[in-house]
$ cat upload_31.csv   # CSV, C-alpha atoms and all ligand atoms
chain,number,residue,atom,x,y,z
A,1265,VAL,CA,11.1,12.3,-14.8
A,1266,ASP,CA,12.9,11.5,-18.0
A,1267,ALA,CA,13.9,7.9,-17.7
A,1268,ARG,CA,17.0,8.6,-19.9
A,1269,GLU,CA,18.3,11.3,-17.6
A,1270,PRO,CA,21.4,10.0,-15.8
A,1271,VAL,CA,21.1,9.7,-12.0
A,1272,ILE,CA,24.4,9.7,-10.2
A,1273,SER,CA,25.2,9.5,-6.5
A,1274,ASP,CA,28.3,9.3,-4.4
A,1275,VAL,CA,28.4,6.0,-2.6
A,1276,ALA,CA,31.9,5.8,-1.1
A,1277,PRO,CA,35.0,8.1,-1.2
A,1278,GLY,CA,35.8,8.8,-4.8
A,1279,ILE,CA,33.1,6.3,-6.0
A,1280,THR,CA,30.0,7.3,-7.9
A,1281,ALA,CA,27.0,5.1,-8.7
A,1282,ILE,CA,25.3,5.6,-12.1
A,1283,ASP,CA,21.8,4.3,-12.5
A,1284,THR,CA,21.6,3.0,-16.1
A,1285,ALA,CA,17.8,3.2,-16.1
A,1286,MET,CA,17.7,-0.3,-17.5
A,1287,ALA,CA,14.4,-1.2,-19.1
A,1288,GLY,CA,13.2,2.4,-18.2
A,1289,GLU,CA,13.3,1.3,-14.5
A,1290,ARG,CA,15.1,3.1,-11.7
A,1291,GLU,CA,17.2,1.2,-9.1
A,1292,LEU,CA,17.5,-1.9,-11.3
A,1293,ASN,CA,21.0,-1.7,-12.8
A,1294,ALA,CA,24.1,0.2,-11.6
A,1295,VAL,CA,27.5,0.9,-12.9
A,1296,TYR,CA,30.2,2.6,-10.8
A,1297,PHE,CA,32.7,5.3,-11.6
A,1298,LEU,CA,36.0,5.5,-9.7
A,1299,GLY,CA,37.7,8.8,-9.9
A,1300,GLY,CA,41.4,9.5,-9.6
A,1301,ASP,CA,44.4,9.7,-11.9
A,1302,GLU,CA,43.3,6.6,-13.8
A,1303,PRO,CA,39.5,6.8,-13.9
A,1304,CYS,CA,37.7,3.5,-14.0
A,1305,LEU,CA,34.3,2.2,-14.7
A,1306,VAL,CA,33.1,-1.0,-13.1
A,1307,GLU,CA,30.5,-2.7,-15.4
A,1308,SER,CA,29.5,-1.2,-18.7
A,1309,GLY,CA,25.7,-1.6,-18.5
A,1310,PRO,CA,23.9,-3.0,-21.5
A,1311,GLY,CA,24.3,-1.6,-25.0
A,1312,ALA,CA,20.7,-0.2,-24.7
A,1313,ASP,CA,21.8,2.1,-21.9
A,1314,LEU,CA,25.0,3.4,-23.6
A,1315,LEU,CA,23.7,7.0,-23.9
A,1316,VAL,CA,22.7,7.1,-20.2
A,1317,VAL,CA,26.2,6.0,-19.1
A,1318,THR,CA,28.0,8.3,-21.5
A,1319,ALA,CA,25.8,11.3,-20.4
A,1320,ALA,CA,26.6,10.5,-16.8
A,1321,LEU,CA,30.4,10.3,-17.5
A,1322,ASP,CA,30.1,13.6,-19.3
A,1323,ARG,CA,28.4,15.2,-16.4
A,1324,ILE,CA,31.1,13.8,-14.0
A,1325,GLY,CA,33.6,15.4,-16.4
A,1326,VAL,CA,35.2,12.4,-17.9
A,1327,GLY,CA,36.5,13.3,-21.4
A,1328,PRO,CA,36.9,10.8,-24.3
A,1329,GLU,CA,40.7,10.3,-23.5
A,1330,ASP,CA,40.2,10.2,-19.7
A,1331,LEU,CA,38.7,6.8,-19.0
A,1332,ALA,CA,41.6,4.4,-18.3
A,1333,HIS,CA,39.9,1.2,-17.2
A,1334,LEU,CA,36.6,-0.7,-17.7
A,1335,VAL,CA,36.2,-3.7,-15.4
A,1336,VAL,CA,33.3,-6.2,-15.7
A,1337,THR,CA,32.3,-8.7,-13.0
A,1338,HIS,CA,30.9,-11.0,-15.6
A,1339,ILE,CA,29.8,-11.0,-19.2
A,1340,HIS,CA,26.0,-11.1,-18.9
A,1341,LEU,CA,24.7,-8.4,-21.1
A,1342,ASP,CA,23.3,-6.1,-18.3
A,1343,HIS,CA,26.9,-6.0,-17.0
A,1344,ALA,CA,29.1,-6.1,-20.1
A,1345,GLY,CA,26.9,-5.8,-23.2
A,1346,GLY,CA,27.8,-2.1,-23.6
A,1347,ALA,CA,31.6,-2.7,-23.2
A,1348,GLY,CA,32.4,-2.8,-27.0
A,1349,ALA,CA,30.6,0.5,-27.6
A,1350,LEU,CA,32.2,2.1,-24.6
A,1351,LEU,CA,35.7,1.1,-25.8
A,1352,ARG,CA,34.9,2.9,-29.1
A,1353,ARG,CA,33.9,6.1,-27.2
A,1354,PHE,CA,36.9,5.9,-24.8
A,1355,PRO,CA,39.9,4.9,-26.9
A,1356,ALA,CA,42.4,4.9,-24.0
A,1357,ALA,CA,40.4,2.5,-21.8
A,1358,THR,CA,41.5,-1.1,-21.1
A,1359,LEU,CA,38.9,-3.8,-20.5
A,1360,TRP,CA,39.5,-6.2,-17.7
A,1361,VAL,CA,37.6,-9.5,-17.6
A,1362,HIS,CA,38.0,-13.1,-16.4
A,1363,GLU,CA,39.7,-15.4,-19.0
A,1364,ARG,CA,36.5,-17.6,-19.4
A,1365,GLY,CA,34.5,-14.5,-20.2
A,1366,ALA,CA,36.9,-12.7,-22.6
A,1367,PRO,CA,36.3,-14.8,-25.8
A,1368,HIS,CA,32.6,-14.1,-25.6
A,1369,LEU,CA,33.2,-10.3,-25.5
A,1370,VAL,CA,35.5,-10.5,-28.5
A,1371,ASP,CA,32.9,-12.6,-30.4
A,1372,PRO,CA,29.5,-12.0,-28.7
A,1373,GLU,CA,27.5,-14.1,-31.1
A,1374,ARG,CA,26.9,-17.0,-28.7
A,1375,LEU,CA,26.3,-14.7,-25.8
A,1376,VAL,CA,23.7,-12.8,-27.7
A,1377,ALA,CA,22.1,-16.0,-29.0
A,1378,SER,CA,21.8,-17.5,-25.5
A,1379,THR,CA,20.3,-14.2,-24.2
A,1380,ILE,CA,17.7,-14.3,-27.0
A,1381,ARG,CA,16.8,-17.9,-26.0
A,1382,THR,CA,16.3,-16.8,-22.4
A,1383,TYR,CA,14.3,-13.5,-23.1
A,1384,GLY,CA,12.9,-13.8,-26.6
A,1385,PRO,CA,14.0,-11.4,-29.4
A,1386,ASP,CA,11.7,-8.5,-28.5
A,1387,ARG,CA,12.6,-8.3,-24.8
A,1388,MET,CA,16.2,-9.0,-25.6
A,1389,ARG,CA,16.3,-5.9,-27.8
A,1390,ARG,CA,14.4,-3.7,-25.4
A,1391,LEU,CA,16.5,-4.7,-22.3
A,1392,PHE,CA,20.0,-5.1,-23.8
A,1393,GLY,CA,20.0,-3.3,-27.2
A,1394,GLU,CA,23.0,-3.8,-29.5
A,1395,THR,CA,26.2,-5.7,-28.4
A,1396,VAL,CA,29.3,-4.5,-30.2
A,1397,PRO,CA,32.4,-6.9,-30.2
A,1398,CYS,CA,35.4,-5.8,-28.1
A,1399,PRO,CA,38.8,-5.8,-29.8
A,1400,ALA,CA,41.0,-8.5,-28.3
A,1401,ALA,CA,44.0,-6.1,-28.1
A,1402,ARG,CA,42.1,-3.9,-25.7
A,1403,ILE,CA,41.4,-6.7,-23.2
A,1404,ARG,CA,43.4,-7.8,-20.1
A,1405,ILE,CA,42.7,-11.0,-18.4
A,1406,VAL,CA,42.1,-11.3,-14.6
A,1407,ALA,CA,42.1,-14.3,-12.3
A,1408,ASP,CA,41.6,-14.9,-8.6
A,1409,GLY,CA,44.3,-12.8,-6.8
A,1410,SER,CA,44.9,-10.5,-9.7
A,1411,VAL,CA,45.5,-6.8,-8.9
A,1412,ILE,CA,44.3,-4.1,-11.3
A,1413,PRO,CA,46.5,-1.1,-10.7
A,1414,MET,CA,45.0,2.3,-11.2
A,1415,GLY,CA,47.3,4.9,-9.8
A,1416,GLU,CA,46.6,5.8,-6.2
A,1417,ARG,CA,44.1,2.9,-5.9
A,1418,ARG,CA,43.8,-0.7,-7.0
A,1419,LEU,CA,41.3,-3.4,-7.3
A,1420,GLU,CA,41.9,-6.8,-5.9
A,1421,VAL,CA,40.2,-9.6,-7.8
A,1422,LEU,CA,38.3,-12.4,-6.1
A,1423,HIS,CA,37.0,-15.2,-8.3
A,1424,THR,CA,33.4,-15.7,-7.1
A,1425,PRO,CA,31.6,-18.3,-9.2
A,1426,GLY,CA,28.1,-19.5,-8.5
A,1427,HIS,CA,25.9,-17.0,-10.5
A,1428,ALA,CA,28.3,-17.6,-13.5
A,1429,SER,CA,31.5,-19.7,-13.6
A,1430,HIS,CA,33.7,-16.7,-14.5
A,1431,HIS,CA,32.2,-14.1,-12.1
A,1432,VAL,CA,34.7,-12.0,-10.2
A,1433,SER,CA,34.2,-9.5,-7.4
A,1434,LEU,CA,36.5,-6.6,-6.8
A,1435,LEU,CA,37.8,-5.1,-3.6
A,1436,GLU,CA,38.9,-1.5,-3.8
A,1437,ASP,CA,41.8,-0.9,-1.4
A,1438,VAL,CA,41.3,2.8,-0.5
A,1439,SER,CA,37.7,2.8,0.5
A,1440,GLY,CA,37.3,-0.9,1.3
A,1441,ALA,CA,34.4,-1.1,-1.1
A,1442,MET,CA,33.6,-4.4,-2.7
A,1443,PHE,CA,31.9,-4.6,-6.1
A,1444,THR,CA,29.9,-7.7,-5.8
A,1445,GLY,CA,28.3,-7.8,-9.3
A,1446,GLU,CA,25.7,-10.4,-8.9
A,1447,ALA,CA,27.6,-12.8,-6.6
A,1448,ILE,CA,25.4,-12.0,-3.6
A,1449,GLY,CA,22.3,-12.0,-5.8
A,1450,SER,CA,20.2,-8.9,-6.1
A,1451,TYR,CA,19.6,-6.3,-3.4
A,1452,LEU,CA,16.2,-4.7,-3.8
A,1453,PRO,CA,16.8,-1.3,-2.0
A,1454,TRP,CA,13.1,-0.3,-2.1
A,1455,GLY,CA,12.2,-3.5,-0.2
A,1456,PRO,CA,14.7,-3.8,1.3
A,1457,ALA,CA,15.3,-7.4,0.4
A,1458,PHE,CA,17.7,-9.8,-1.3
A,1459,ARG,CA,16.8,-12.1,-4.1
A,1460,PRO,CA,19.2,-14.9,-5.3
A,1461,ALA,CA,20.4,-14.8,-8.9
A,1462,LEU,CA,20.7,-18.4,-9.9
A,1463,PRO,CA,20.1,-18.5,-13.6
A,1464,PRO,CA,20.8,-21.3,-16.2
A,1465,PRO,CA,23.1,-22.6,-17.4
A,1466,GLU,CA,26.1,-22.2,-15.0
A,1467,VAL,CA,24.4,-21.8,-11.6
A,1468,ASP,CA,26.1,-23.8,-8.8
A,1469,VAL,CA,24.6,-23.4,-5.4
A,1470,GLY,CA,27.6,-24.7,-3.5
A,1471,GLN,CA,29.9,-22.4,-5.3
A,1472,ALA,CA,27.6,-19.4,-4.7
A,1473,LEU,CA,27.7,-20.1,-1.0
A,1474,ALA,CA,31.5,-20.6,-1.0
A,1475,SER,CA,31.9,-17.3,-2.9
A,1476,ILE,CA,29.8,-15.4,-0.3
A,1477,SER,CA,32.0,-16.9,2.4
A,1478,ARG,CA,35.2,-15.8,0.7
A,1479,MET,CA,33.9,-12.3,0.1
A,1480,ARG,CA,32.9,-12.0,3.7
A,1481,ALA,CA,36.4,-13.2,4.8
A,1482,ALA,CA,37.9,-10.2,2.9
A,1483,ARG,CA,36.0,-7.9,5.3
A,1484,PRO,CA,34.8,-5.2,2.9
A,1485,ALA,CA,33.6,-1.9,4.4
A,1486,ILE,CA,30.6,-1.6,2.0
A,1487,LEU,CA,29.1,-3.7,-0.7
A,1488,LEU,CA,28.3,-2.1,-4.1
A,1489,THR,CA,25.9,-4.3,-6.0
A,1490,SER,CA,25.0,-4.1,-9.6
A,1491,HIS,CA,21.3,-4.7,-8.9
A,1492,PHE,CA,21.1,-2.3,-7.1
A,1493,GLY,CA,23.3,0.1,-5.1
A,1494,PRO,CA,25.2,0.1,-1.8
A,1495,VAL,CA,24.6,-2.3,1.1
A,1496,LEU,CA,25.9,-0.6,4.2
A,1497,ASP,CA,25.4,-3.4,6.8
A,1498,VAL,CA,27.9,-5.7,5.2
A,1499,GLU,CA,27.6,-8.6,7.7
A,1500,ARG,CA,23.9,-8.7,7.5
A,1501,GLY,CA,24.1,-8.4,3.8
A,1502,PHE,CA,26.2,-11.5,3.4
A,1503,ALA,CA,24.2,-13.4,6.0
A,1504,VAL,CA,20.9,-12.6,4.3
A,1505,ALA,CA,22.2,-13.3,0.8
A,1506,ALA,CA,23.6,-16.7,1.9
A,1507,GLU,CA,20.3,-17.5,3.7
A,1508,ARG,CA,18.3,-16.7,0.6
A,1509,VAL,CA,20.5,-18.8,-1.7
A,1510,SER,CA,20.0,-21.7,0.6
A,1511,ALA,CA,16.3,-21.2,1.1
A,1512,TRP,CA,15.6,-20.8,-2.6
A,1513,ALA,CA,17.7,-23.9,-3.5
A,1514,GLU,CA,16.0,-25.9,-0.8
A,1515,ARG,CA,12.5,-24.9,-1.9
A,1516,ALA,CA,13.3,-25.8,-5.4
A,1517,ARG,CA,14.8,-29.1,-4.3
A,1518,GLY,CA,11.6,-29.9,-2.3
A,1519,VAL,CA,9.3,-29.3,-5.2
A,1520,LEU,CA,11.4,-31.3,-7.6
A,1521,ALA,CA,11.8,-34.2,-5.2
A,1522,ALA,CA,8.0,-34.4,-4.8
A,1523,GLN,CA,7.3,-33.8,-8.5
A,1524,PRO,CA,10.4,-34.8,-10.6
A,1525,PHE,CA,8.7,-33.5,-13.8
A,1526,ALA,CA,7.4,-30.2,-12.3
A,1527,SER,CA,7.3,-27.5,-15.0
A,1528,ASP,CA,9.2,-24.3,-14.8
A,1529,GLU,CA,5.9,-22.5,-14.2
A,1530,ARG,CA,5.1,-24.8,-11.2
A,1531,LEU,CA,8.6,-24.1,-9.7
A,1532,ALA,CA,8.4,-20.4,-10.4
A,1533,ALA,CA,5.0,-20.3,-8.6
A,1534,ALA,CA,6.6,-22.0,-5.5
A,1535,LEU,CA,9.5,-19.5,-5.6
A,1536,THR,CA,7.1,-16.6,-6.0
A,1537,ASP,CA,5.4,-17.7,-2.8
A,1538,LEU,CA,8.8,-17.7,-1.1
A,1539,ALA,CA,9.6,-14.3,-2.4
A,1540,ARG,CA,6.3,-13.0,-1.0
A,1541,GLU,CA,7.1,-14.5,2.4
A,1542,GLU,CA,10.5,-12.8,2.3
A,1543,PHE,CA,9.0,-9.4,1.3
A,1544,GLY,CA,6.4,-9.9,4.1
A,1545,ARG,CA,9.2,-10.3,6.6
A,1546,ASP,CA,11.3,-7.5,5.2
A,1547,ALA,CA,8.9,-4.7,4.2
A,1548,SER,CA,5.5,-3.4,4.8
A,1549,ARG,CA,5.0,-2.2,1.2
A,1550,PRO,CA,2.4,-3.7,-1.1
A,1551,LEU,CA,3.9,-7.0,-2.4
A,1552,ASP,CA,2.8,-7.7,-5.9
A,1553,PRO,CA,3.7,-4.4,-7.7
A,1554,GLU,CA,7.2,-4.6,-6.2
A,1555,LEU,CA,7.6,-8.2,-7.3
A,1556,ALA,CA,6.4,-7.4,-10.8
A,1557,ARG,CA,8.7,-4.5,-11.1
A,1558,TYR,CA,11.7,-6.5,-10.2
A,1559,ASP,CA,10.8,-9.2,-12.8
A,1560,ALA,CA,11.9,-6.8,-15.5
A,1561,LEU,CA,15.0,-9.0,-15.4
A,1562,GLY,CA,12.8,-12.1,-15.4
A,1563,SER,CA,14.4,-13.1,-12.1
A,1564,ILE,CA,12.0,-15.5,-10.4
A,1565,ARG,CA,11.4,-17.6,-13.5
A,1566,MET,CA,15.1,-17.5,-14.3
A,1567,ASN,CA,15.9,-18.8,-10.8
A,1568,ALA,CA,13.4,-21.6,-11.3
A,1569,GLN,CA,15.0,-22.6,-14.6
A,1570,GLY,CA,18.5,-22.4,-13.1
A,1571,LEU,CA,17.7,-24.3,-10.0
A,1572,ALA,CA,15.7,-27.0,-11.9
A,1573,ARG,CA,18.8,-27.5,-14.1
A,1574,TYR,CA,21.1,-27.5,-11.2
A,1575,TRP,CA,19.3,-30.2,-9.2
A,1576,ARG,CA,18.4,-32.4,-12.2
A,1577,LYS,CA,22.1,-32.4,-13.3
A,1578,ARG,CA,23.2,-33.1,-9.8
A,1579,TRP,CA,20.8,-36.0,-9.3
A,1580,GLU,CA,21.7,-37.4,-12.6
A,1581,ARG,CA,25.4,-37.5,-11.5
A,1582,GLU,CA,24.6,-39.0,-8.1
A,1583,PHE,CA,22.3,-41.7,-9.4
A,1584,ALA,CA,24.1,-42.6,-12.6
A,1585,PRO,CA,25.2,-46.2,-12.6
A,1586,PRO,CA,28.9,-46.7,-12.1
A,1587,ARG,CA,30.8,-46.9,-15.4
A,1588,ASP,CA,32.1,-50.4,-16.3
A,1589,PRO,CA,35.9,-49.8,-16.3
A,1590,SER,CA,36.3,-52.4,-19.0
A,1591,VAL,CA,34.4,-50.3,-21.5
A,1592,SER,CA,36.2,-47.1,-22.6
A,1601,ZN,ZN,22.8,-8.9,-13.8

$ encode --input "upload_31.csv" --output "structure tokens" --more "lines below"
Ligand SMILES: [Zn+2]
Amino acid sequence: VDAREPVISDVAPGITAIDTAMAGERELNAVYFLGGDEPCLVESGPGADLLVVTAALDRIGVGPEDLAHLVVTHIHLDHAGGAGALLRRFPAATLWVHERGAPHLVDPERLVASTIRTYGPDRMRRLFGETVPCPAARIRIVADGSVIPMGERRLEVLHTPGHASHHVSLLEDVSGAMFTGEAIGSYLPWGPAFRPALPPPEVDVGQALASISRMRAARPAILLTSHFGPVLDVERGFAVAAERVSAWAERARGVLAAQPFASDERLAAALTDLAREEFGRDASRPLDPELARYDALGSIRMNAQGLARYWRKRWEREFAPPRDPSVS
């Protein structure tokens, strides 16, 4: 199978999933196409996968003037890195993003630099490719409660921080599908299992859990995750996602409470054990190749770094001596 061949599949009425074949892996990263009189793409995929996404749109029959909307759940490069290049290819498209994310798409220098710090320059290039700036004039800002009108359908915006402070999820009103981005973590369809997505620097465990509750309260009919694909059993999906966020945060807290200076490696090892236990419960497949495959996105180590930062910052705040009010 040519890794660069687009794989598309219908996942809900009028909604098509496109596998971007990120890092040459299948079922790792998805973007979604919504047909209709104002065609829309949810997520751009990374710049590295631009040709896969455009080939898929071509196969679906979306011409250069046809795409009306591009909506991103957050600005991490696997979700929005290809947005600037797509805007060039589709000159009629408007890009919708949360206000805290927009400046970084107009000027992606800091976003790219922080991604290089996380992945190193070689993996960064291989996973994400080139990130082209987005013209500010093509961007519309969304916030919690915003509605993105697109002809016969619309997307309702829920602000769902936790994974990132500016993360939004999108409820499509005709099908009841909810685009969850990375707000419920990652669903590993070949497991099947969930893995939390709690990376530095913005991770907030309490917000992640509150966001899952809010999404659940909106009663979507199906969840469409970016990593990867549809979750049909919505109630179970939310329940397991919340349980995993709590379990991973708790395991990290336990390690750090016992060993305050535990290294990222030590913490990642503890979380790898937890992931193994979860796979053991969820699937009968061999464990380690599956775990290794998923770590194309560096996920366990990234969770370790994110959770270490989260707990240390939190403890620093809690145990900081009260400020002397006479000193300003
Ligand atoms: Zn992602």

$ residues_near_ligand --input "upload_31.csv" --ligand "ligand ZN 1601 (chain A)" --cutoff "6 Å" --atoms "all atoms listed in the file" --output "tab-separated table (two decimals) with C-alpha atoms, in the frame of the given file"
chain	number	residue	atom	x	y	z
A	1342	ASP	CA	23.30	-6.10	-18.30
A	1343	HIS	CA	26.90	-6.00	-17.00
A	1446	GLU	CA	25.70	-10.40	-8.90

$ residues_around --input "upload_31.csv" --residues "Pro1425 (chain A)" --least-positions-apart "5" --cutoff "8 Å" --atoms "only C-alpha atoms" --output "list in words"
His1430, His1431, Val1432, Ala1447, Asp1468, Gln1471, Ala1472 and Ser1475 of chain A

$ closest_residue --input "upload_31.csv" --among "A:Leu1452, A:Met1286, A:Leu1375, A:Ile1564" --to "Leu1341 (chain A)" --atoms "all atoms listed in the file"
A:Leu1375

$ residues_around --input "upload_31.csv" --residues "Leu1350 (chain A)" --least-positions-apart "2" --cutoff "10 Å" --atoms "all atoms listed in the file" --output "PDB file with C-alpha atoms, keeping the file's coordinate frame"
ATOM      1  CA  SER A1308      29.500  -1.200 -18.700  1.00  0.00           C
ATOM      2  CA  GLY A1309      25.700  -1.600 -18.500  1.00  0.00           C
ATOM      3  CA  GLY A1311      24.300  -1.600 -25.000  1.00  0.00           C
ATOM      4  CA  LEU A1314      25.000   3.400 -23.600  1.00  0.00           C
ATOM      5  CA  LEU A1315      23.700   7.000 -23.900  1.00  0.00           C
ATOM      6  CA  VAL A1317      26.200   6.000 -19.100  1.00  0.00           C
ATOM      7  CA  THR A1318      28.000   8.300 -21.500  1.00  0.00           C
ATOM      8  CA  PRO A1328      36.900  10.800 -24.300  1.00  0.00           C
ATOM      9  CA  LEU A1331      38.700   6.800 -19.000  1.00  0.00           C
ATOM     10  CA  LEU A1334      36.600  -0.700 -17.700  1.00  0.00           C
ATOM     11  CA  ALA A1344      29.100  -6.100 -20.100  1.00  0.00           C
ATOM     12  CA  GLY A1345      26.900  -5.800 -23.200  1.00  0.00           C
ATOM     13  CA  GLY A1346      27.800  -2.100 -23.600  1.00  0.00           C
ATOM     14  CA  ALA A1347      31.600  -2.700 -23.200  1.00  0.00           C
ATOM     15  CA  GLY A1348      32.400  -2.800 -27.000  1.00  0.00           C
ATOM     16  CA  ARG A1352      34.900   2.900 -29.100  1.00  0.00           C
ATOM     17  CA  ARG A1353      33.900   6.100 -27.200  1.00  0.00           C
ATOM     18  CA  PHE A1354      36.900   5.900 -24.800  1.00  0.00           C
ATOM     19  CA  PRO A1355      39.900   4.900 -26.900  1.00  0.00           C
ATOM     20  CA  ALA A1357      40.400   2.500 -21.800  1.00  0.00           C
ATOM     21  CA  LEU A1359      38.900  -3.800 -20.500  1.00  0.00           C
ATOM     22  CA  VAL A1396      29.300  -4.500 -30.200  1.00  0.00           C
ATOM     23  CA  CYS A1398      35.400  -5.800 -28.100  1.00  0.00           C
TER      24      CYS A1398
END

$ atom_distance --input "upload_31.csv" --atom1 "CA of Asp1371 (chain A)" --atom2 "CA of Pro1310 (chain A)"
15.9 Å
